[in-house]
There are 2 protein chains.
Amino acid sequence: MTDAMRAVFVELLVHGPLSRAEVARRLDLSPSALTKVAKPLLDAGYLREQSSDGQKGIGRPSQPLQVDASRSSFIGIKLTAEELFAVRVDLAATVHDRFSLPLPDHDVDTIVEQIAQAVRRLSEAGDVAGVGISLAGTATPGDPVVGNSPFLGWSHVALAKLVEDAVGVPTVLNNDVRALTAAQQWFGAGVGHSSFALVTVGAGIGCGLVVEDRVVTGRSGGTGLIGHLAIDDRGPLCELGHRGCARAFAASSAIRRSIATTLDRPELTFDDCLELARQGQPVARRVLDDAGRALGRVIATVANVIGPDLVILSGEAVHMYDVCADALQAALTRHTHWTSTPVRVTVKPFTFDEWARGAAVSALQHLLLHS
Amino acid sequence: MTDAMRAVFVELLVHGPLSRAEVARRLDLSPSALTKVAKPLLDAGYLREQSSDGQKGIGRPSQPLQVDASRSSFIGIKLTAEELFAVRVDLAATVHDRFSLPLPDHDVDTIVEQIAQAVRRLSEAGDVAGVGISLAGTATPGDPVVGNSPFLGWSHVALAKLVEDAVGVPTVLNNDVRALTAAQQWFGAGVGHSSFALVTVGAGIGCGLVVEDRVVTGRSGGTGLIGHLAIDDRGPLCELGHRGCARAFAASSAIRRSIATTLDRPELTFDDCLELARQGQPVARRVLDDAGRALGRVIATVANVIGPDLVILSGEAVHMYDVCADALQAALTRHTHWTSTPVRVTVKPFTFDEWARGAAVSALQHLLLHS
DNA sequence: GCGACTTGCTTGACACGGTGAACAAAACGG
DNA sequence: CCGTTTTGTTCACCGTGTCAAGCAAGTCGC
């Protein structure tokens with residue numbers, strides 16, 4: 001696998017079917033290089049030649065090349081405190097199968113065994129080229145060790161090596177938000193943008209960054225630690241005792257708790273709260289406006305600091321967006337630096353699969369680019 | 001000039017004298033490649049061979065290579081509303097000469113003529129390989145056009161082309177903070193860090209970023225727009241009407257004004273104010289503590305978002321650091337995300353030359369890497 | 001309907017940057 | 001003085017991509 005082959009393959013994988021000529025232009029290669037490079041990929045079945053373009057135009061019609069996505073599979077696994085979610089995806093990151101298992105305890109051996117079981121179960125349909133594991137905490141592709149994971153109580157656990165030994169498949173670790181960012185970069189709203197941010201809302205608030213086509217890994221794996229960004233020092237308290245930080249305003253649990261306690265209706269779920277706000281219930285309305293404002297300000301802060309082309313909003317609680325969109329956009333405009341126009345915000349609907357899918361894409365990316 | 005030659009040259013330029021073997025290891029090249037690559041650079045006089053290492057050790061002693069910094073010169077120019085500051089530097093970014101001119105008006109032709117005059121004056125001592133121009137506003141190396149410069153009242157001015165035509169030397173534009181960041185990356189505190197942030201304090205508050213060894217250029221050239229980051233919505237007003245934004249707390253003019261008006265002593269300079277705070281004058285003390293807190297929070301925000309190895313603090317007003325270090329560090333610790341340790345902050349003394357020097361380094365970097 | 005034109009793709013000779021193996025050089029240490 | 005270690009050089013070679021040329025397959029104009 002030469003550099004050019006990798007680049008051609010990735011270009012076709014990410015930017016869909018393209019003619020050789022077009023790929024050559026994009027990668028700044030000669031047309032002849034493309035014939036030469038595409039040949040072995042076609043022979044090996046990684047690429048297919050689409051019959052005709054359909055596009056009428058002057059000159060010889062192009063014969064677009066396309067990646068045969070079914071040519072190999074990856075497994076992605078997201079670890080949470082209670083459960084393990086696994087998916088099997090093809091090269092285009094389409095989910096073909098899923099599986100989940102409870103995690104009875106946080107013992108390393110137990111978890112490795114559960115992971116191995118999930119991998120075996122999802123490998124029944126055919127060979128798997130790589131396994132990606134994502135979790136909240138410090139982990140990076142290229143390092144087989146989980147640095148620190150508060151929710152599992154782990155530090156310095158060589159998880160990738162243990163799993164590799166157990167299942168015999170190359171294994172890549174990553175932080176969950178960064179994995180999701182990788183998925184957006186190649187197969188989501190980030191395609192075509194060399195620089196974007198992904199902001200997630202859910203149990204917490206996270207942020208992943210892509211700068212000049214590279215997923216950013218900060219010092220000791222920590223980037224996008226915006227959950228505790230201070231918004232208003234008279235706001236509600238978060239679990240760490242900060243007053244008015246972003247997650248105290250906008251995390252789903254904080255929103256639910258705030259509305260449920262004020263209304264003295266402890267049975268309310270998060271979605272009930274959204275519904276109340278939609279109906280105009282004043283307390284719910286106010287809490288969600290505050291949440292929207294906080295998110296708008298978080299997004300503005302990220303946008304001011306790094307100047308991304310685009311901010312993608314996602315996470316388990318993104319569906320709250322339509323309830324607080326006005327407050328969010330207003331705050332975004334208000335806090336955007338005066339020399340810029342507000343950054344474009346794209347809302348990406350979320351299913352819980354996304355976390356595991358991100359892990360799979362993370363493995364795919366790493367194995368494709370660094371081996 | 002092959003890629004390898006460029007890489008070797010840059011490695012030697014930035015990381016001082018190194019033996020061929022060491023360079024080969026760092027750049028992942030074979031030793032033989034190094035002999036081959038170094039030959040033409042030595043012959044052309046761009047590299048010199050240091051006689052002996054001095055380092056005693058086993059094995060054949062190494063013959064370190066070193067860039068002959070005097071081999072070529074660059075001119076850097078910083079434009080402000082009233083004046084133009086120019087310096088001539090060598091390849092190691094050492095300033096050898098300086099020159100300044102007033103800018104009678106902001107007419108494009110006038111300014112081009114003044115720039116040409118400065119370049120001619122500084123070229124008397126010998127040929128110049130490139131000119132870099134930095135200014136507050138949107139400009140990037142690689143684009144000959146100044147997108148927008150509020151203080152000059154310019155938009156879409158092809159300054160680089162005009163200057164190139166006038167002086168016959170390749171010309172590179174850049175935003176001033178980004179140019180300063182480039183200088184720190186190759187010749188300052190950023191050397192050896194693949195990811196760092198530069199925060200400047202002075203008339204405004206700015207921020208430049210280096211992520212994975214690349215100076216970040218955001219959407220339409222805007223990165224690090226942290227001057228108006230909201231700190232406390234009960235704080236002082238800035239000139240744009242924001243209450244309690246970073247520059248309303250920590251810009252030098254804001255600090256001076258705040259102390260001078262409270263004490264009703266309009267004659268006080270910024271440095272007088274620092275002296276008062278040093279002596280414990282309560283009003284000055286409070287204003288500078290607030291400024292330190294604001295800066296600490298700005299730094300924490302940047303550090304949380306991108307996770308740099310290091311934050312370099314600089315700018316015309318950095319010398320205020322020793323007056324507000326405690327407040328700054330306290331705020332930094334308080335607002336750093338709980339899973340991280342506070343980022344290391346390095347204070348870089350500042351002379352006004354630095355802006356122009358940054359412009360020169362910016363040109364040097366761009367011409368070396370992209371041609 | 002035929003040639004002119006345009007664009008896509010392929011072929012084969014070739015240039016060139018970098019590697020690997022072998023070796024020379026320059027120190028140290030017993 | 002000879003092994004050991006590390007640095008640096010030489011030279012044959014290989015592999016990757018370019019260049020020039022030509023073929024392929026369509027549209028356009030007359």
# chains A, B, ... in the order shown; residues from 1 in each chain; ligands from 1

call {"tool": "calpha_fit_and_write", "arguments": {"fixed": "chain B", "moving": "chain A", "output": "short mmCIF file (atom, residue, chain, number, x, y, z; two decimals) with C-alpha atoms, in the first residue's frame"}}
result
data_model
loop_
_atom_site.label_atom_id
_atom_site.label_comp_id
_atom_site.auth_asym_id
_atom_site.auth_seq_id
_atom_site.Cartn_x
_atom_site.Cartn_y
_atom_site.Cartn_z
CA MET A 1 14.69 21.66 -3.43
CA THR A 2 13.22 18.31 -2.52
CA ASP A 3 10.89 17.68 0.40
CA ALA A 4 13.67 16.03 2.33
CA MET A 5 15.98 18.96 1.82
CA ARG A 6 13.36 21.37 3.07
CA ALA A 7 12.63 19.21 6.08
CA VAL A 8 16.32 18.89 6.95
CA PHE A 9 16.86 22.59 6.58
CA VAL A 10 13.88 23.50 8.74
CA GLU A 11 14.86 20.97 11.38
CA LEU A 12 18.34 22.46 11.61
CA LEU A 13 17.03 26.01 11.54
CA VAL A 14 14.57 25.44 14.36
CA HIS A 15 16.35 22.89 16.52
CA GLY A 16 19.83 24.31 16.34
CA PRO A 17 23.00 22.40 15.45
CA LEU A 18 22.39 18.68 15.11
CA SER A 19 24.45 15.83 13.75
CA ARG A 20 23.34 14.18 10.52
CA ALA A 21 22.56 11.02 12.44
CA GLU A 22 20.31 12.91 14.82
CA VAL A 23 18.47 14.69 12.01
CA ALA A 24 18.01 11.37 10.25
CA ARG A 25 16.45 9.89 13.38
CA ARG A 26 14.14 12.84 13.90
CA LEU A 27 12.90 12.95 10.34
CA ASP A 28 12.77 9.19 9.95
CA LEU A 29 15.24 9.13 7.11
CA SER A 30 18.17 6.83 6.45
CA PRO A 31 21.66 8.09 7.31
CA SER A 32 22.63 7.84 3.68
CA ALA A 33 19.79 10.12 2.69
CA LEU A 34 21.25 12.71 4.99
CA THR A 35 24.68 12.73 3.44
CA LYS A 36 23.06 13.08 0.07
CA VAL A 37 20.70 15.85 1.12
CA ALA A 38 23.21 17.84 3.15
CA LYS A 39 25.79 17.95 0.37
CA PRO A 40 24.14 20.54 -1.91
CA LEU A 41 23.05 22.62 1.09
CA LEU A 42 26.62 22.72 2.36
CA ASP A 43 27.95 23.53 -1.11
CA ALA A 44 25.47 26.35 -1.52
CA GLY A 45 26.52 27.76 1.83
CA TYR A 46 23.15 27.36 3.54
CA LEU A 47 24.62 24.90 6.01
CA ARG A 48 27.94 24.85 7.83
CA GLU A 49 29.75 22.01 9.46
CA GLN A 50 30.75 22.73 13.05
CA SER A 51 34.28 21.51 13.71
CA SER A 52 33.91 19.25 16.71
CA ASP A 53 31.12 18.44 19.05
CA GLY A 54 33.00 18.67 22.35
CA GLN A 55 30.53 16.11 23.69
CA LYS A 56 32.64 13.11 24.67
CA GLY A 57 31.06 9.74 24.16
CA ILE A 58 31.43 6.33 22.72
CA GLY A 59 31.63 5.95 18.96
CA ARG A 60 32.78 8.34 16.30
CA PRO A 61 32.17 11.94 17.33
CA SER A 62 29.47 13.70 15.37
CA GLN A 63 30.00 16.68 13.12
CA PRO A 64 26.98 18.86 13.82
CA LEU A 65 25.40 20.78 11.00
CA GLN A 66 24.20 24.32 11.46
CA VAL A 67 22.30 26.77 9.31
CA ASP A 68 24.34 29.77 8.27
CA ALA A 69 21.80 32.33 9.43
CA SER A 70 23.52 35.19 7.63
CA ARG A 71 22.98 33.45 4.31
CA SER A 72 19.80 35.40 3.65
CA SER A 73 17.64 38.18 5.06
CA PHE A 74 13.96 38.87 5.40
CA ILE A 75 12.11 42.08 6.11
CA GLY A 76 9.11 42.17 8.40
CA ILE A 77 6.67 45.04 8.58
CA LYS A 78 3.92 45.69 11.09
CA LEU A 79 1.25 48.19 10.12
CA THR A 80 -0.62 50.15 12.76
CA ALA A 81 -3.07 52.98 12.30
CA GLU A 82 -0.40 55.66 12.69
CA GLU A 83 2.90 54.03 11.92
CA LEU A 84 4.80 51.33 10.09
CA PHE A 85 7.48 49.34 11.91
CA ALA A 86 10.00 47.42 9.87
CA VAL A 87 12.87 45.12 10.79
CA ARG A 88 15.45 43.19 8.85
CA VAL A 89 16.23 39.74 10.25
CA ASP A 90 18.49 36.88 9.26
CA LEU A 91 17.46 33.24 8.83
CA ALA A 92 17.53 32.71 12.60
CA ALA A 93 15.13 35.64 13.06
CA THR A 94 17.75 37.81 14.74
CA VAL A 95 16.96 41.48 14.20
CA HIS A 96 19.81 43.28 12.46
CA ASP A 97 18.21 46.58 11.57
CA ARG A 98 14.98 48.45 12.14
CA PHE A 99 13.17 51.39 10.67
CA SER A 100 9.85 53.10 11.13
CA LEU A 101 7.77 55.60 9.22
CA PRO A 102 4.58 57.49 9.96
CA LEU A 103 1.50 56.74 7.90
CA PRO A 104 0.07 60.12 6.94
CA ASP A 105 -3.17 58.55 5.70
CA HIS A 106 -4.72 55.16 4.98
CA ASP A 107 -4.74 55.47 1.24
CA VAL A 108 -3.55 52.21 -0.33
CA ASP A 109 -1.05 53.92 -2.63
CA THR A 110 0.43 55.95 0.19
CA ILE A 111 0.93 52.92 2.35
CA VAL A 112 2.41 50.86 -0.47
CA GLU A 113 4.85 53.71 -1.11
CA GLN A 114 5.83 53.91 2.57
CA ILE A 115 6.32 50.15 2.68
CA ALA A 116 8.46 50.29 -0.45
CA GLN A 117 10.52 53.06 1.10
CA ALA A 118 11.10 51.00 4.26
CA VAL A 119 12.05 47.97 2.20
CA ARG A 120 14.49 49.98 0.10
CA ARG A 121 16.06 51.49 3.20
CA LEU A 122 16.51 48.09 4.88
CA SER A 123 17.73 46.44 1.66
CA GLU A 124 20.74 48.74 1.47
CA ALA A 125 22.82 46.28 3.49
CA GLY A 126 22.23 43.46 1.02
CA ASP A 127 19.67 41.48 -0.88
CA VAL A 128 16.46 40.45 0.80
CA ALA A 129 14.73 37.13 0.14
CA GLY A 130 11.23 38.04 1.23
CA VAL A 131 8.99 40.63 2.82
CA GLY A 132 6.34 39.86 5.42
CA ILE A 133 3.61 42.30 6.32
CA SER A 134 1.41 41.86 9.37
CA LEU A 135 -1.62 43.80 10.48
CA ALA A 136 -4.66 43.46 12.65
CA GLY A 137 -7.33 42.06 10.38
CA THR A 138 -7.98 39.16 8.06
CA ALA A 139 -4.92 38.25 6.06
CA THR A 140 -3.27 34.89 5.49
CA PRO A 141 -0.03 33.77 3.92
CA GLY A 142 -0.86 32.32 0.54
CA ASP A 143 -3.48 34.95 -0.14
CA PRO A 144 -2.13 38.21 -1.56
CA VAL A 145 -5.30 40.07 -0.53
CA VAL A 146 -6.12 41.76 2.76
CA GLY A 147 -9.66 40.60 3.39
CA ASN A 148 -10.67 43.13 5.96
CA SER A 149 -8.86 45.58 8.14
CA PRO A 150 -11.13 47.75 10.27
CA PHE A 151 -8.37 50.03 11.53
CA LEU A 152 -7.20 50.89 8.01
CA GLY A 153 -10.70 50.89 6.61
CA TRP A 154 -9.62 48.37 3.97
CA SER A 155 -11.35 45.44 2.44
CA HIS A 156 -10.14 43.30 -0.43
CA VAL A 157 -6.87 45.09 -1.06
CA ALA A 158 -4.28 43.09 -3.01
CA LEU A 159 -1.49 44.46 -0.86
CA ALA A 160 1.00 41.64 -1.42
CA LYS A 161 0.81 42.01 -5.17
CA LEU A 162 1.16 45.79 -5.02
CA VAL A 163 4.19 45.60 -2.75
CA GLU A 164 5.76 42.84 -4.84
CA ASP A 165 5.40 44.99 -7.93
CA ALA A 166 6.89 47.98 -6.14
CA VAL A 167 9.92 46.29 -4.61
CA GLY A 168 10.45 43.14 -6.68
CA VAL A 169 10.61 40.83 -3.67
CA PRO A 170 8.16 38.01 -2.80
CA THR A 171 5.72 39.36 -0.25
CA VAL A 172 3.57 37.50 2.28
CA LEU A 173 0.73 38.90 4.35
CA ASN A 174 -0.45 37.69 7.71
CA ASN A 175 -2.59 38.59 10.65
CA ASP A 176 -0.39 40.14 13.32
CA VAL A 177 -1.17 37.69 16.10
CA ARG A 178 -0.73 34.72 13.80
CA ALA A 179 2.61 36.10 12.65
CA LEU A 180 3.74 36.42 16.25
CA THR A 181 2.60 32.86 16.80
CA ALA A 182 4.72 31.70 13.87
CA ALA A 183 7.75 33.42 15.39
CA GLN A 184 7.17 31.69 18.71
CA GLN A 185 6.74 28.37 16.94
CA TRP A 186 10.13 28.40 15.23
CA PHE A 187 12.24 30.75 17.32
CA GLY A 188 10.53 31.25 20.65
CA ALA A 189 9.01 29.44 23.57
CA GLY A 190 6.96 27.25 21.24
CA VAL A 191 9.99 25.34 19.95
CA GLY A 192 9.60 21.68 20.75
CA HIS A 193 5.86 21.89 21.37
CA SER A 194 3.60 20.55 18.67
CA SER A 195 0.60 22.30 20.15
CA PHE A 196 0.53 25.60 21.97
CA ALA A 197 -1.42 28.83 22.30
CA LEU A 198 -0.14 32.37 22.34
CA VAL A 199 -2.21 34.87 24.28
CA THR A 200 -1.41 38.54 23.81
CA VAL A 201 -2.38 41.40 26.08
CA GLY A 202 -2.06 45.00 25.09
CA ALA A 203 -4.50 47.35 23.41
CA GLY A 204 -6.62 44.24 22.89
CA ILE A 205 -6.47 40.59 23.79
CA GLY A 206 -5.59 38.11 21.09
CA CYS A 207 -4.80 34.48 20.70
CA GLY A 208 -2.85 32.47 18.17
CA LEU A 209 -2.88 28.69 17.99
CA VAL A 210 -0.52 26.00 16.87
CA VAL A 211 -2.13 22.58 16.65
CA GLU A 212 -0.07 19.58 15.68
CA ASP A 213 2.76 21.74 14.38
CA ARG A 214 0.56 23.92 12.22
CA VAL A 215 -0.39 27.51 12.78
CA VAL A 216 -4.16 27.51 12.71
CA THR A 217 -6.04 29.73 10.30
CA GLY A 218 -9.72 29.74 11.05
CA ARG A 219 -12.67 30.41 8.81
CA SER A 220 -11.97 33.67 6.91
CA GLY A 221 -8.72 34.03 8.82
CA GLY A 222 -10.33 34.46 12.21
CA THR A 223 -8.91 32.50 15.09
CA GLY A 224 -8.40 33.39 18.67
CA LEU A 225 -11.09 36.04 18.81
CA ILE A 226 -11.15 35.94 22.55
CA GLY A 227 -11.03 39.64 23.27
CA HIS A 228 -14.73 39.81 23.90
CA LEU A 229 -15.07 36.56 25.81
CA ALA A 230 -17.69 37.20 28.47
CA ILE A 231 -16.25 36.99 31.95
CA ASP A 232 -18.74 38.62 34.28
CA ASP A 233 -21.90 40.31 33.13
CA ARG A 234 -21.65 42.81 35.96
CA GLY A 235 -18.17 43.94 34.94
CA PRO A 236 -17.09 47.13 33.17
CA LEU A 237 -18.26 48.06 29.70
CA CYS A 238 -16.05 47.66 26.66
CA GLU A 239 -16.11 50.01 23.67
CA LEU A 240 -18.60 47.76 21.89
CA GLY A 241 -21.02 47.83 24.76
CA HIS A 242 -20.36 44.35 26.14
CA ARG A 243 -20.42 44.25 29.87
CA GLY A 244 -17.56 42.41 31.54
CA CYS A 245 -15.81 40.96 28.50
CA ALA A 246 -12.14 40.08 28.65
CA ARG A 247 -10.82 43.28 27.18
CA ALA A 248 -13.00 45.41 29.41
CA PHE A 249 -11.10 43.80 32.30
CA ALA A 250 -7.62 43.22 31.00
CA ALA A 251 -6.74 45.43 28.02
CA SER A 252 -4.14 47.99 29.03
CA SER A 253 -6.31 50.97 28.10
CA ALA A 254 -9.24 49.59 30.08
CA ILE A 255 -7.07 49.06 33.14
CA ARG A 256 -5.62 52.54 32.91
CA ARG A 257 -8.96 54.19 32.39
CA SER A 258 -10.58 52.29 35.19
CA ILE A 259 -7.93 53.27 37.74
CA ALA A 260 -7.48 56.83 36.49
CA THR A 261 -11.17 57.65 36.63
CA THR A 262 -11.80 55.99 39.98
CA LEU A 263 -8.89 57.88 41.52
CA ASP A 264 -9.74 60.99 39.50
CA ARG A 265 -6.15 61.22 38.29
CA PRO A 266 -6.42 61.40 34.48
CA GLU A 267 -2.67 61.91 34.08
CA LEU A 268 -1.84 58.34 35.15
CA THR A 269 -0.19 56.15 32.53
CA PHE A 270 -0.61 52.39 32.33
CA ASP A 271 2.81 51.88 33.89
CA ASP A 272 1.91 54.33 36.70
CA CYS A 273 -1.10 52.15 37.39
CA LEU A 274 1.03 49.02 37.59
CA GLU A 275 3.35 50.80 40.00
CA LEU A 276 0.41 51.85 42.20
CA ALA A 277 -0.81 48.25 42.31
CA ARG A 278 2.69 47.07 43.16
CA GLN A 279 2.70 49.51 46.07
CA GLY A 280 -0.60 48.11 47.26
CA GLN A 281 -2.86 51.04 46.35
CA PRO A 282 -6.30 49.44 46.94
CA VAL A 283 -8.10 50.62 43.79
CA ALA A 284 -5.21 49.72 41.51
CA ARG A 285 -4.81 46.44 43.33
CA ARG A 286 -8.45 45.52 42.81
CA VAL A 287 -8.46 46.44 39.11
CA LEU A 288 -5.33 44.40 38.47
CA ASP A 289 -6.64 41.45 40.42
CA ASP A 290 -9.75 41.57 38.26
CA ALA A 291 -7.57 41.76 35.17
CA GLY A 292 -5.52 38.77 36.33
CA ARG A 293 -8.67 36.81 37.01
CA ALA A 294 -10.01 37.63 33.55
CA LEU A 295 -6.77 36.57 31.89
CA GLY A 296 -6.64 33.38 33.91
CA ARG A 297 -10.10 32.58 32.77
CA VAL A 298 -9.32 33.34 29.13
CA ILE A 299 -6.29 31.08 29.29
CA ALA A 300 -8.29 28.33 30.99
CA THR A 301 -10.97 28.55 28.31
CA VAL A 302 -8.47 28.24 25.49
CA ALA A 303 -6.69 25.41 27.30
CA ASN A 304 -9.93 23.53 27.93
CA VAL A 305 -11.06 23.81 24.33
CA ILE A 306 -7.89 22.76 22.52
CA GLY A 307 -5.64 21.26 25.18
CA PRO A 308 -2.32 22.86 24.25
CA ASP A 309 0.98 21.75 25.81
CA LEU A 310 1.75 25.30 26.75
CA VAL A 311 0.33 28.80 26.77
CA ILE A 312 2.69 31.65 25.98
CA LEU A 313 1.65 35.01 27.37
CA SER A 314 2.93 38.02 25.49
CA GLY A 315 1.96 41.40 24.05
CA GLU A 316 2.74 45.06 24.81
CA ALA A 317 1.29 44.74 28.29
CA VAL A 318 2.75 41.41 29.43
CA HIS A 319 4.81 43.14 32.04
CA MET A 320 1.58 43.48 34.01
CA TYR A 321 1.91 39.74 34.65
CA ASP A 322 4.07 40.06 37.76
CA VAL A 323 1.50 42.41 39.27
CA CYS A 324 -1.43 40.06 38.74
CA ALA A 325 0.21 36.63 38.62
CA ASP A 326 -1.50 35.33 41.75
CA ALA A 327 -5.00 36.24 40.61
CA LEU A 328 -4.24 34.86 37.15
CA GLN A 329 -2.95 31.52 38.38
CA ALA A 330 -5.82 31.17 40.85
CA ALA A 331 -8.41 31.78 38.15
CA LEU A 332 -6.57 29.45 35.79
CA THR A 333 -6.63 26.66 38.33
CA ARG A 334 -10.24 27.33 39.21
CA HIS A 335 -11.47 27.23 35.62
CA THR A 336 -9.33 24.39 34.37
CA HIS A 337 -11.41 21.29 33.72
CA TRP A 338 -11.25 18.97 36.70
CA THR A 339 -9.74 16.08 34.75
CA SER A 340 -6.68 18.12 33.76
CA THR A 341 -3.84 19.86 35.49
CA PRO A 342 -3.58 23.57 34.73
CA VAL A 343 -1.69 24.29 31.55
CA ARG A 344 1.83 25.63 31.86
CA VAL A 345 1.99 29.38 31.28
CA THR A 346 5.21 30.96 30.03
CA VAL A 347 5.59 34.72 30.07
CA LYS A 348 7.48 36.12 27.11
CA PRO A 349 8.84 39.65 27.55
CA PHE A 350 7.80 41.88 24.71
CA THR A 351 9.39 44.65 22.69
CA PHE A 352 7.55 46.42 19.94
CA ASP A 353 9.95 44.88 17.40
CA GLU A 354 8.25 41.55 18.01
CA TRP A 355 5.31 42.38 15.78
CA ALA A 356 7.51 43.18 12.81
CA ARG A 357 9.79 40.25 13.58
CA GLY A 358 6.73 38.00 13.50
CA ALA A 359 5.87 39.30 10.06
CA ALA A 360 9.39 38.48 8.88
CA VAL A 361 9.22 34.96 10.30
CA SER A 362 5.86 34.51 8.69
CA ALA A 363 7.37 35.31 5.31
CA LEU A 364 10.35 33.07 5.99
CA GLN A 365 8.10 30.16 6.94
CA HIS A 366 5.82 30.56 4.00
CA LEU A 367 8.52 30.98 1.40
CA LEU A 368 10.50 28.07 2.82
CA LEU A 369 7.63 25.64 3.02
CA HIS A 370 5.44 26.60 0.09
CA SER A 371 7.75 27.11 -2.86
#

call {"tool": "select_by_dssp", "arguments": {"residues": "range 166-327 of chain A", "states": "helix (DSSP H, G or I)", "output": "ChimeraX atom specification"}}
result
/A:166-167,176-187,219-221,246-250,252-263,270-278,282-306,318-327

call {"tool": "closest_atom_pairs", "arguments": {"of": "chain C", "to": "chain A", "cutoff": "6 Å", "atoms": "only C-alpha atoms (C1' of nucleotides)", "output": "CSV"}}
result
residue,atom,partner,partner_atom,distance
C:DT6,C1',A:Gly59,CA,4.6
C:DT7,C1',A:Gly59,CA,3.9
C:DG8,C1',A:Arg60,CA,5.4

call {"tool": "interface_residues", "arguments": {"of": "chain D", "to": "chain A", "cutoff": "9 Å", "atoms": "only C-alpha atoms (C1' of nucleotides)", "output": "list in words"}}
result
DT16, DG17, DT18, DA24, DA25, DG26, DT27 and DC28 of chain D

call {"tool": "select_by_dssp", "arguments": {"residues": "range 185-347 of chain B", "states": "strand (DSSP E)", "output": "PyMOL selection string"}}
result
chain B and resi 196-201+205-211+214-215+310-314+344-347

call {"tool": "atom_distance", "arguments": {"atom1": "C1' of DT7 in chain D", "atom2": "C1' of DG20 in chain C"}}
result
16.7 Å

call {"tool": "residues_around", "arguments": {"residues": "DC30 in chain D", "least_positions_apart": "2", "cutoff": "12 Å", "atoms": "only C-alpha atoms (C1' of nucleotides)", "output": "count of residues only"}}
result
5

call {"tool": "atom_distance", "arguments": {"atom1": "C1' of DC14 in chain D", "atom2": "C1' of DA24 in chain C"}}
result
25.2 Å
